[in-house]
$ cat upload_29.pdb   # PDB, C-alpha atoms
ATOM      1  CA  MET A   1     -27.649 -73.052   6.329  1.00  0.00           C
ATOM      2  CA  ASP A   2     -23.870 -72.716   6.694  1.00  0.00           C
ATOM      3  CA  GLU A   3     -22.172 -71.547   9.891  1.00  0.00           C
ATOM      4  CA  LEU A   4     -21.453 -67.990   8.680  1.00  0.00           C
ATOM      5  CA  THR A   5     -25.044 -67.479   7.553  1.00  0.00           C
ATOM      6  CA  SER A   6     -26.226 -68.720  10.927  1.00  0.00           C
ATOM      7  CA  LYS A   7     -23.843 -66.337  12.726  1.00  0.00           C
ATOM      8  CA  LEU A   8     -25.045 -63.379  10.668  1.00  0.00           C
ATOM      9  CA  THR A   9     -28.663 -64.267  11.353  1.00  0.00           C
ATOM     10  CA  ASP A  10     -27.967 -64.444  15.097  1.00  0.00           C
ATOM     11  CA  LEU A  11     -26.048 -61.167  14.893  1.00  0.00           C
ATOM     12  CA  TYR A  12     -29.009 -59.476  13.236  1.00  0.00           C
ATOM     13  CA  GLN A  13     -31.439 -60.727  15.869  1.00  0.00           C
ATOM     14  CA  GLU A  14     -29.177 -59.725  18.775  1.00  0.00           C
ATOM     15  CA  HIS A  15     -28.140 -56.260  17.587  1.00  0.00           C
ATOM     16  CA  TYR A  16     -31.052 -55.025  15.477  1.00  0.00           C
ATOM     17  CA  ALA A  17     -32.473 -52.786  18.233  1.00  0.00           C
ATOM     18  CA  GLN A  18     -29.110 -51.156  18.957  1.00  0.00           C
ATOM     19  CA  LEU A  19     -28.392 -50.533  15.277  1.00  0.00           C
ATOM     20  CA  LEU A  20     -31.887 -49.126  14.826  1.00  0.00           C
ATOM     21  CA  ARG A  21     -31.369 -46.705  17.737  1.00  0.00           C
ATOM     22  CA  ILE A  22     -28.110 -45.520  16.197  1.00  0.00           C
ATOM     23  CA  ALA A  23     -29.763 -44.952  12.827  1.00  0.00           C
ATOM     24  CA  VAL A  24     -32.802 -43.189  14.344  1.00  0.00           C
ATOM     25  CA  LEU A  25     -30.567 -40.791  16.243  1.00  0.00           C
ATOM     26  CA  LEU A  26     -28.532 -40.063  13.128  1.00  0.00           C
ATOM     27  CA  VAL A  27     -31.378 -39.545  10.637  1.00  0.00           C
ATOM     28  CA  ASP A  28     -34.237 -38.620  13.014  1.00  0.00           C
ATOM     29  CA  ASP A  29     -36.775 -40.774  11.175  1.00  0.00           C
ATOM     30  CA  ARG A  30     -37.704 -44.278  12.304  1.00  0.00           C
ATOM     31  CA  ALA A  31     -38.920 -45.539   8.931  1.00  0.00           C
ATOM     32  CA  SER A  32     -35.744 -44.385   7.204  1.00  0.00           C
ATOM     33  CA  ALA A  33     -33.661 -45.823  10.037  1.00  0.00           C
ATOM     34  CA  GLU A  34     -35.340 -49.217   9.616  1.00  0.00           C
ATOM     35  CA  ASP A  35     -34.543 -49.104   5.899  1.00  0.00           C
ATOM     36  CA  ILE A  36     -30.942 -48.173   6.650  1.00  0.00           C
ATOM     37  CA  VAL A  37     -30.439 -51.056   9.082  1.00  0.00           C
ATOM     38  CA  GLN A  38     -32.115 -53.542   6.761  1.00  0.00           C
ATOM     39  CA  ASP A  39     -30.097 -52.377   3.768  1.00  0.00           C
ATOM     40  CA  ALA A  40     -26.850 -52.445   5.762  1.00  0.00           C
ATOM     41  CA  TYR A  41     -27.543 -55.973   6.932  1.00  0.00           C
ATOM     42  CA  LEU A  42     -28.339 -57.113   3.387  1.00  0.00           C
ATOM     43  CA  ARG A  43     -25.102 -55.601   2.087  1.00  0.00           C
ATOM     44  CA  VAL A  44     -23.068 -57.358   4.774  1.00  0.00           C
ATOM     45  CA  PHE A  45     -24.980 -60.583   4.210  1.00  0.00           C
ATOM     46  CA  ASP A  46     -24.490 -60.432   0.430  1.00  0.00           C
ATOM     47  CA  SER A  47     -20.761 -59.912   0.853  1.00  0.00           C
ATOM     48  CA  ARG A  48     -20.368 -62.560   3.571  1.00  0.00           C
ATOM     49  CA  ASN A  49     -18.059 -64.637   1.377  1.00  0.00           C
ATOM     50  CA  ARG A  50     -15.552 -61.754   1.403  1.00  0.00           C
ATOM     51  CA  LEU A  51     -15.715 -61.430   5.180  1.00  0.00           C
ATOM     52  CA  ARG A  52     -12.259 -62.528   6.321  1.00  0.00           C
ATOM     53  CA  ASP A  53     -13.009 -62.519  10.043  1.00  0.00           C
ATOM     54  CA  PRO A  54     -16.621 -63.452  10.938  1.00  0.00           C
ATOM     55  CA  ASP A  55     -16.063 -62.077  14.458  1.00  0.00           C
ATOM     56  CA  LYS A  56     -15.827 -58.596  12.954  1.00  0.00           C
ATOM     57  CA  ALA A  57     -19.211 -58.812  11.259  1.00  0.00           C
ATOM     58  CA  LEU A  58     -20.807 -56.527  13.872  1.00  0.00           C
ATOM     59  CA  ALA A  59     -18.168 -53.882  13.204  1.00  0.00           C
ATOM     60  CA  PHE A  60     -18.871 -54.114   9.471  1.00  0.00           C
ATOM     61  CA  LEU A  61     -22.585 -53.873  10.188  1.00  0.00           C
ATOM     62  CA  ARG A  62     -22.154 -50.745  12.333  1.00  0.00           C
ATOM     63  CA  GLN A  63     -19.968 -49.168   9.672  1.00  0.00           C
ATOM     64  CA  ALA A  64     -22.532 -49.990   7.006  1.00  0.00           C
ATOM     65  CA  VAL A  65     -25.307 -48.378   9.097  1.00  0.00           C
ATOM     66  CA  LEU A  66     -23.207 -45.249   9.582  1.00  0.00           C
ATOM     67  CA  ASN A  67     -22.364 -45.050   5.871  1.00  0.00           C
ATOM     68  CA  ARG A  68     -25.985 -45.537   4.822  1.00  0.00           C
ATOM     69  CA  ALA A  69     -27.108 -42.847   7.304  1.00  0.00           C
ATOM     70  CA  ARG A  70     -24.493 -40.446   5.902  1.00  0.00           C
ATOM     71  CA  SER A  71     -25.725 -41.110   2.373  1.00  0.00           C
ATOM     72  CA  MET A  72     -29.326 -40.480   3.377  1.00  0.00           C
ATOM     73  CA  LEU A  73     -28.406 -37.217   5.108  1.00  0.00           C
ATOM     74  CA  ARG A  74     -26.513 -36.068   2.003  1.00  0.00           C
ATOM     75  CA  ARG A  75     -29.533 -36.851  -0.183  1.00  0.00           C
ATOM     76  CA  ARG A  76     -31.781 -34.930   2.211  1.00  0.00           C
ATOM     77  CA  LEU A  77     -29.504 -31.885   2.056  1.00  0.00           C
ATOM     78  CA  VAL A  78     -29.623 -31.880  -1.732  1.00  0.00           C
ATOM     79  CA  ALA A  79     -33.400 -32.349  -1.734  1.00  0.00           C
ATOM     80  CA  ARG A  80     -33.875 -29.587   0.852  1.00  0.00           C
ATOM     81  CA  LYS A  81     -31.751 -27.265  -1.241  1.00  0.00           C
ATOM     82  CA  TYR A  82     -34.029 -27.668  -4.261  1.00  0.00           C
ATOM     83  CA  LEU A  83     -37.437 -27.872  -2.558  1.00  0.00           C
ATOM     84  CA  PRO A  84     -39.402 -24.738  -1.696  1.00  0.00           C
ATOM     85  CA  GLN A  85     -39.475 -23.893   1.987  1.00  0.00           C
ATOM     86  CA  LEU A  86     -42.728 -24.554   3.859  1.00  0.00           C
ATOM     87  CA  ALA A  87     -44.133 -21.709   5.913  1.00  0.00           C
ATOM     88  CA  VAL A  88     -45.385 -23.867   8.806  1.00  0.00           C
ATOM     89  CA  ALA A  89     -43.971 -27.024  10.327  1.00  0.00           C
ATOM     90  CA  ASP A  90     -46.087 -30.103   9.563  1.00  0.00           C
ATOM     91  CA  SER A  91     -46.367 -31.436  13.087  1.00  0.00           C
ATOM     92  CA  LEU A  92     -45.509 -30.681  16.654  1.00  0.00           C
ATOM     93  CA  PRO A  93     -43.638 -33.116  18.878  1.00  0.00           C
ATOM     94  CA  ASP A  94     -45.996 -35.146  21.010  1.00  0.00           C
ATOM     95  CA  ASP A  95     -46.302 -33.856  24.537  1.00  0.00           C
ATOM     96  CA  THR A  96     -46.514 -37.134  26.378  1.00  0.00           C
ATOM     97  CA  GLY A  97     -43.821 -37.148  29.049  1.00  0.00           C
ATOM     98  CA  ARG A  98     -41.153 -39.418  27.630  1.00  0.00           C
ATOM     99  CA  GLY A  99     -42.059 -38.710  24.004  1.00  0.00           C
ATOM    100  CA  LEU A 100     -41.429 -35.020  24.502  1.00  0.00           C
ATOM    101  CA  ASP A 101     -37.982 -35.694  25.939  1.00  0.00           C
ATOM    102  CA  ARG A 102     -37.069 -37.863  22.965  1.00  0.00           C
ATOM    103  CA  ALA A 103     -38.459 -35.364  20.480  1.00  0.00           C
ATOM    104  CA  VAL A 104     -36.599 -32.476  22.093  1.00  0.00           C
ATOM    105  CA  LEU A 105     -33.378 -34.479  22.209  1.00  0.00           C
ATOM    106  CA  ALA A 106     -33.793 -35.601  18.594  1.00  0.00           C
ATOM    107  CA  GLN A 107     -34.350 -31.998  17.497  1.00  0.00           C
ATOM    108  CA  ALA A 108     -31.273 -30.850  19.422  1.00  0.00           C
ATOM    109  CA  LEU A 109     -29.157 -33.669  17.945  1.00  0.00           C
ATOM    110  CA  ALA A 110     -30.354 -32.745  14.463  1.00  0.00           C
ATOM    111  CA  ARG A 111     -29.013 -29.215  14.971  1.00  0.00           C
ATOM    112  CA  LEU A 112     -25.480 -30.439  15.680  1.00  0.00           C
ATOM    113  CA  PRO A 113     -22.890 -30.652  12.918  1.00  0.00           C
ATOM    114  CA  ARG A 114     -22.819 -34.118  11.346  1.00  0.00           C
ATOM    115  CA  ARG A 115     -19.494 -35.269  12.830  1.00  0.00           C
ATOM    116  CA  GLN A 116     -20.447 -34.132  16.359  1.00  0.00           C
ATOM    117  CA  ARG A 117     -23.812 -35.892  16.058  1.00  0.00           C
ATOM    118  CA  GLU A 118     -22.147 -39.093  14.832  1.00  0.00           C
ATOM    119  CA  ALA A 119     -19.568 -39.029  17.627  1.00  0.00           C
ATOM    120  CA  ILE A 120     -22.181 -38.489  20.332  1.00  0.00           C
ATOM    121  CA  VAL A 121     -24.524 -41.167  19.000  1.00  0.00           C
ATOM    122  CA  LEU A 122     -21.773 -43.755  18.580  1.00  0.00           C
ATOM    123  CA  ARG A 123     -19.994 -42.913  21.825  1.00  0.00           C
ATOM    124  CA  TYR A 124     -22.907 -42.444  24.224  1.00  0.00           C
ATOM    125  CA  TYR A 125     -25.908 -44.185  22.667  1.00  0.00           C
ATOM    126  CA  ALA A 126     -24.176 -47.118  20.975  1.00  0.00           C
ATOM    127  CA  ASP A 127     -21.790 -47.238  23.964  1.00  0.00           C
ATOM    128  CA  LEU A 128     -18.677 -47.652  21.830  1.00  0.00           C
ATOM    129  CA  SER A 129     -15.246 -46.851  23.244  1.00  0.00           C
ATOM    130  CA  GLU A 130     -13.398 -43.767  22.015  1.00  0.00           C
ATOM    131  CA  LEU A 131     -11.045 -45.987  20.040  1.00  0.00           C
ATOM    132  CA  ARG A 132     -13.870 -47.948  18.399  1.00  0.00           C
ATOM    133  CA  THR A 133     -15.814 -44.741  17.659  1.00  0.00           C
ATOM    134  CA  ALA A 134     -12.700 -43.310  15.994  1.00  0.00           C
ATOM    135  CA  GLU A 135     -12.347 -46.447  13.875  1.00  0.00           C
ATOM    136  CA  VAL A 136     -15.996 -46.357  12.797  1.00  0.00           C
ATOM    137  CA  MET A 137     -15.865 -42.638  11.987  1.00  0.00           C
ATOM    138  CA  GLY A 138     -12.488 -42.905  10.267  1.00  0.00           C
ATOM    139  CA  CYS A 139     -10.749 -40.294  12.416  1.00  0.00           C
ATOM    140  CA  SER A 140      -8.364 -40.075  15.373  1.00  0.00           C
ATOM    141  CA  GLN A 141      -9.268 -40.735  18.994  1.00  0.00           C
ATOM    142  CA  GLY A 142      -8.494 -37.088  19.778  1.00  0.00           C
ATOM    143  CA  SER A 143     -10.976 -35.977  17.143  1.00  0.00           C
ATOM    144  CA  VAL A 144     -13.658 -38.134  18.768  1.00  0.00           C
ATOM    145  CA  LYS A 145     -12.925 -36.499  22.135  1.00  0.00           C
ATOM    146  CA  SER A 146     -13.143 -33.076  20.529  1.00  0.00           C
ATOM    147  CA  TYR A 147     -16.369 -33.832  18.648  1.00  0.00           C
ATOM    148  CA  CYS A 148     -17.967 -35.256  21.797  1.00  0.00           C
ATOM    149  CA  SER A 149     -16.858 -32.359  23.981  1.00  0.00           C
ATOM    150  CA  ARG A 150     -18.108 -29.731  21.555  1.00  0.00           C
ATOM    151  CA  GLY A 151     -21.289 -31.675  20.834  1.00  0.00           C
ATOM    152  CA  VAL A 152     -22.178 -32.101  24.501  1.00  0.00           C
ATOM    153  CA  ALA A 153     -21.501 -28.403  25.128  1.00  0.00           C
ATOM    154  CA  ARG A 154     -23.746 -27.452  22.211  1.00  0.00           C
ATOM    155  CA  LEU A 155     -26.473 -29.858  23.372  1.00  0.00           C
ATOM    156  CA  SER A 156     -26.317 -28.226  26.804  1.00  0.00           C
ATOM    157  CA  GLU A 157     -26.859 -24.823  25.178  1.00  0.00           C
ATOM    158  CA  LEU A 158     -29.710 -26.080  23.013  1.00  0.00           C
ATOM    159  CA  LEU A 159     -31.462 -27.923  25.820  1.00  0.00           C
ATOM    160  CA  GLY A 160     -30.846 -25.215  28.410  1.00  0.00           C
ATOM    161  CA  GLU A 161     -29.379 -27.637  30.919  1.00  0.00           C
ATOM    162  CA  ARG A 162     -26.196 -29.514  31.643  1.00  0.00           C
ATOM    163  CA  VAL A 163     -26.133 -32.730  29.623  1.00  0.00           C
TER
END
$ encode --input "upload_29.pdb" --output "structure tokens"
Amino acid sequence: MDELTSKLTDLYQEHYAQLLRIAVLLVDDRASAEDIVQDAYLRVFDSRNRLRDPDKALAFLRQAVLNRARSMLRRRLVARKYLPQLAVADSLPDDTGRGLDRAVLAQALARLPRRQREAIVLRYYADLSELRTAEVMGCSQGSVKSYCSRGVARLSELLGERV
């Protein structure tokens, strides 16, 4: 195993949980999030020979997760547009203390516009700086501040409390 392959393997083992959390918060589905993270890692791994700076592999991995999540959300929107609406929701969130909080938060995040949701997840859950969040999202630092501010205000409205 060469040094770059070893580094990417270590990177996967160290950051899998964080990348999975990001994906789960973006797509609100653990199984899909696992697929997204796995697929993103495979894409980065397959293109490792083109990676100019191995120290930036984590940044490429985060970007790949974000891009895959965006693609999945776009596919869901198209599918939802062409599927008949169901009269009753399939399941209720579980009511076990912590599970309820996560379910409520996930539902509230899902109701935010895509860019606000991405900014909040990357900024507060992935703990990226404003500058790094802006780079990952492909926008300005001011836009990240705006998305976060509006997103947190909307979450406060949806959750009925100050976030």
$ atom_distance --input "upload_29.pdb" --atom1 "atom CA of Ser140 of chain A" --atom2 "atom CA of Arg50 of chain A"
26.8 Å
$ residues_around --input "upload_29.pdb" --residues "Leu109 of chain A" --least-positions-apart "2" --cutoff "9 Å" --atoms "only C-alpha atoms" --output "PyMOL selection string"
chain A and resi 25-26+28+104-107+111-113+116-117+120-121+151+155
$ closest_residue --input "upload_29.pdb" --among "A:Val44, A:Val65, A:Ala33, A:Val144" --to "Arg132 of chain A" --atoms "all atoms listed in the file"
A:Val144
$ resolve_selection --input "upload_29.pdb" --expression "the PyMOL selection byres ((chain A and resi 4) around 10)" --output "list in words"
Met1, Asp2, Glu3, Thr5, Ser6, Lys7, Leu8, Thr9, Asp10, Phe45, Arg48, Asn49, Leu51, Pro54, Asp55 and Ala57 of chain A
$ resolve_selection --input "upload_29.pdb" --expression "the PyMOL selection byres ((chain A and resi 146) around 12)" --output "list in words"
Arg115, Gln116, Arg117, Ala119, Ile120, Glu130, Ala134, Cys139, Ser140, Gln141, Gly142, Ser143, Val144, Lys145, Tyr147, Cys148, Ser149, Arg150, Gly151, Val152 and Ala153 of chain A
$ closest_residue --input "upload_29.pdb" --among "A:Asp39, A:Glu157, A:Asp46, A:Asp29" --to "Arg62 of chain A" --atoms "all atoms listed in the file"
A:Asp39
$ residues_around --input "upload_29.pdb" --residues "Arg21 of chain A" --least-positions-apart "4" --cutoff "8 Å" --atoms "all atoms listed in the file" --output "list of chain:residue names"
A:Ala17, A:Leu25, A:Tyr125, A:Ala126
$ write_last_selection --input "upload_29.pdb" --atoms "C-alpha atoms" --output "compact mmCIF listing (two decimals), in the coordinates of the input"
# COMPACT_ATOMS: atom_id res chain seq x y z
CA ALA A 17 -32.47 -52.79 18.23
CA LEU A 25 -30.57 -40.79 16.24
CA TYR A 125 -25.91 -44.18 22.67
CA ALA A 126 -24.18 -47.12 20.98
$ residues_around --input "upload_29.pdb" --residues "Ile36 of chain A" --least-positions-apart "2" --cutoff "9 Å" --atoms "only C-alpha atoms" --output "PyMOL selection string"
chain A and resi 20+23+31-34+38-41+64-66+68-69+72
$ atom_distance --input "upload_29.pdb" --atom1 "atom CA of Lys56 of chain A" --atom2 "atom CA of Val37 of chain A"
16.9 Å
$ atom_distance --input "upload_29.pdb" --atom1 "atom CA of Arg43 of chain A" --atom2 "atom CA of Arg80 of chain A"
27.5 Å
$ decode --input "upload_29.pdb" --residues "segment 128-151 of chain A" --atoms "N, CA, C and O atoms" --output "mmCIF file, in the first residue's frame"
data_model
loop_
_atom_site.group_PDB
_atom_site.id
_atom_site.type_symbol
_atom_site.label_atom_id
_atom_site.label_comp_id
_atom_site.auth_asym_id
_atom_site.auth_seq_id
_atom_site.Cartn_x
_atom_site.Cartn_y
_atom_site.Cartn_z
ATOM 1 N N LEU A 128 -17.145 23.872 10.932
ATOM 2 C CA LEU A 128 -16.241 24.537 10.004
ATOM 3 C C LEU A 128 -16.287 26.043 10.257
ATOM 4 O O LEU A 128 -17.306 26.578 10.697
ATOM 5 N N SER A 129 -15.202 26.724 9.958
ATOM 6 C CA SER A 129 -15.180 28.182 10.089
ATOM 7 C C SER A 129 -16.074 28.785 9.010
ATOM 8 O O SER A 129 -16.458 28.114 8.047
ATOM 9 N N GLU A 130 -16.375 30.081 9.150
ATOM 10 C CA GLU A 130 -17.181 30.750 8.127
ATOM 11 C C GLU A 130 -16.465 30.716 6.785
ATOM 12 O O GLU A 130 -17.080 30.468 5.752
ATOM 13 N N LEU A 131 -15.164 30.956 6.815
ATOM 14 C CA LEU A 131 -14.382 30.955 5.579
ATOM 15 C C LEU A 131 -14.413 29.580 4.913
ATOM 16 O O LEU A 131 -14.659 29.463 3.717
ATOM 17 N N ARG A 132 -14.193 28.532 5.683
ATOM 18 C CA ARG A 132 -14.172 27.177 5.134
ATOM 19 C C ARG A 132 -15.559 26.777 4.636
ATOM 20 O O ARG A 132 -15.694 26.135 3.595
ATOM 21 N N THR A 133 -16.606 27.157 5.376
ATOM 22 C CA THR A 133 -17.978 26.876 4.946
ATOM 23 C C THR A 133 -18.259 27.560 3.614
ATOM 24 O O THR A 133 -18.850 26.958 2.711
ATOM 25 N N ALA A 134 -17.808 28.805 3.475
ATOM 26 C CA ALA A 134 -17.994 29.542 2.225
ATOM 27 C C ALA A 134 -17.281 28.839 1.074
ATOM 28 O O ALA A 134 -17.820 28.725 -0.033
ATOM 29 N N GLU A 135 -16.077 28.348 1.331
ATOM 30 C CA GLU A 135 -15.335 27.634 0.289
ATOM 31 C C GLU A 135 -16.065 26.363 -0.130
ATOM 32 O O GLU A 135 -16.186 26.073 -1.314
ATOM 33 N N VAL A 136 -16.544 25.613 0.851
ATOM 34 C CA VAL A 136 -17.238 24.348 0.548
ATOM 35 C C VAL A 136 -18.535 24.611 -0.214
ATOM 36 O O VAL A 136 -18.866 23.899 -1.159
ATOM 37 N N MET A 137 -19.260 25.656 0.188
ATOM 38 C CA MET A 137 -20.539 25.958 -0.456
ATOM 39 C C MET A 137 -20.367 26.712 -1.775
ATOM 40 O O MET A 137 -21.309 26.820 -2.553
ATOM 41 N N GLY A 138 -19.183 27.258 -2.000
ATOM 42 C CA GLY A 138 -18.950 28.012 -3.229
ATOM 43 C C GLY A 138 -19.618 29.372 -3.219
ATOM 44 O O GLY A 138 -20.188 29.804 -4.224
ATOM 45 N N CYS A 139 -19.568 30.058 -2.069
ATOM 46 C CA CYS A 139 -20.173 31.384 -1.966
ATOM 47 C C CYS A 139 -19.273 32.262 -1.103
ATOM 48 O O CYS A 139 -18.220 31.835 -0.642
ATOM 49 N N SER A 140 -19.704 33.496 -0.845
ATOM 50 C CA SER A 140 -18.899 34.410 -0.043
ATOM 51 C C SER A 140 -19.121 34.163 1.450
ATOM 52 O O SER A 140 -20.110 33.549 1.855
ATOM 53 N N GLN A 141 -18.194 34.687 2.240
ATOM 54 C CA GLN A 141 -18.296 34.557 3.697
ATOM 55 C C GLN A 141 -19.534 35.295 4.203
ATOM 56 O O GLN A 141 -20.214 34.839 5.119
ATOM 57 N N GLY A 142 -19.844 36.425 3.589
ATOM 58 C CA GLY A 142 -21.042 37.185 3.963
ATOM 59 C C GLY A 142 -22.313 36.401 3.701
ATOM 60 O O GLY A 142 -23.276 36.478 4.474
ATOM 61 N N SER A 143 -22.323 35.648 2.610
ATOM 62 C CA SER A 143 -23.490 34.820 2.303
ATOM 63 C C SER A 143 -23.675 33.745 3.367
ATOM 64 O O SER A 143 -24.803 33.454 3.780
ATOM 65 N N VAL A 144 -22.563 33.166 3.821
ATOM 66 C CA VAL A 144 -22.641 32.146 4.875
ATOM 67 C C VAL A 144 -23.245 32.762 6.135
ATOM 68 O O VAL A 144 -24.124 32.182 6.768
ATOM 69 N N LYS A 145 -22.777 33.955 6.495
ATOM 70 C CA LYS A 145 -23.326 34.636 7.681
ATOM 71 C C LYS A 145 -24.822 34.869 7.520
ATOM 72 O O LYS A 145 -25.604 34.649 8.452
ATOM 73 N N SER A 146 -25.219 35.298 6.339
ATOM 74 C CA SER A 146 -26.627 35.558 6.071
ATOM 75 C C SER A 146 -27.456 34.281 6.124
ATOM 76 O O SER A 146 -28.515 34.233 6.758
ATOM 77 N N TYR A 147 -26.968 33.221 5.460
ATOM 78 C CA TYR A 147 -27.688 31.946 5.476
ATOM 79 C C TYR A 147 -27.833 31.427 6.903
ATOM 80 O O TYR A 147 -28.892 30.938 7.296
ATOM 81 N N CYS A 148 -26.756 31.502 7.677
ATOM 82 C CA CYS A 148 -26.795 31.009 9.056
ATOM 83 C C CYS A 148 -27.758 31.833 9.906
ATOM 84 O O CYS A 148 -28.549 31.284 10.668
ATOM 85 N N SER A 149 -27.684 33.142 9.770
ATOM 86 C CA SER A 149 -28.557 34.015 10.557
ATOM 87 C C SER A 149 -30.028 33.743 10.253
ATOM 88 O O SER A 149 -30.843 33.561 11.152
ATOM 89 N N ARG A 150 -30.349 33.701 8.976
ATOM 90 C CA ARG A 150 -31.738 33.445 8.582
ATOM 91 C C ARG A 150 -32.171 32.032 8.954
ATOM 92 O O ARG A 150 -33.302 31.809 9.380
ATOM 93 N N GLY A 151 -31.270 31.074 8.785
ATOM 94 C CA GLY A 151 -31.595 29.689 9.120
ATOM 95 C C GLY A 151 -31.850 29.490 10.604
ATOM 96 O O GLY A 151 -32.797 28.808 10.995
#
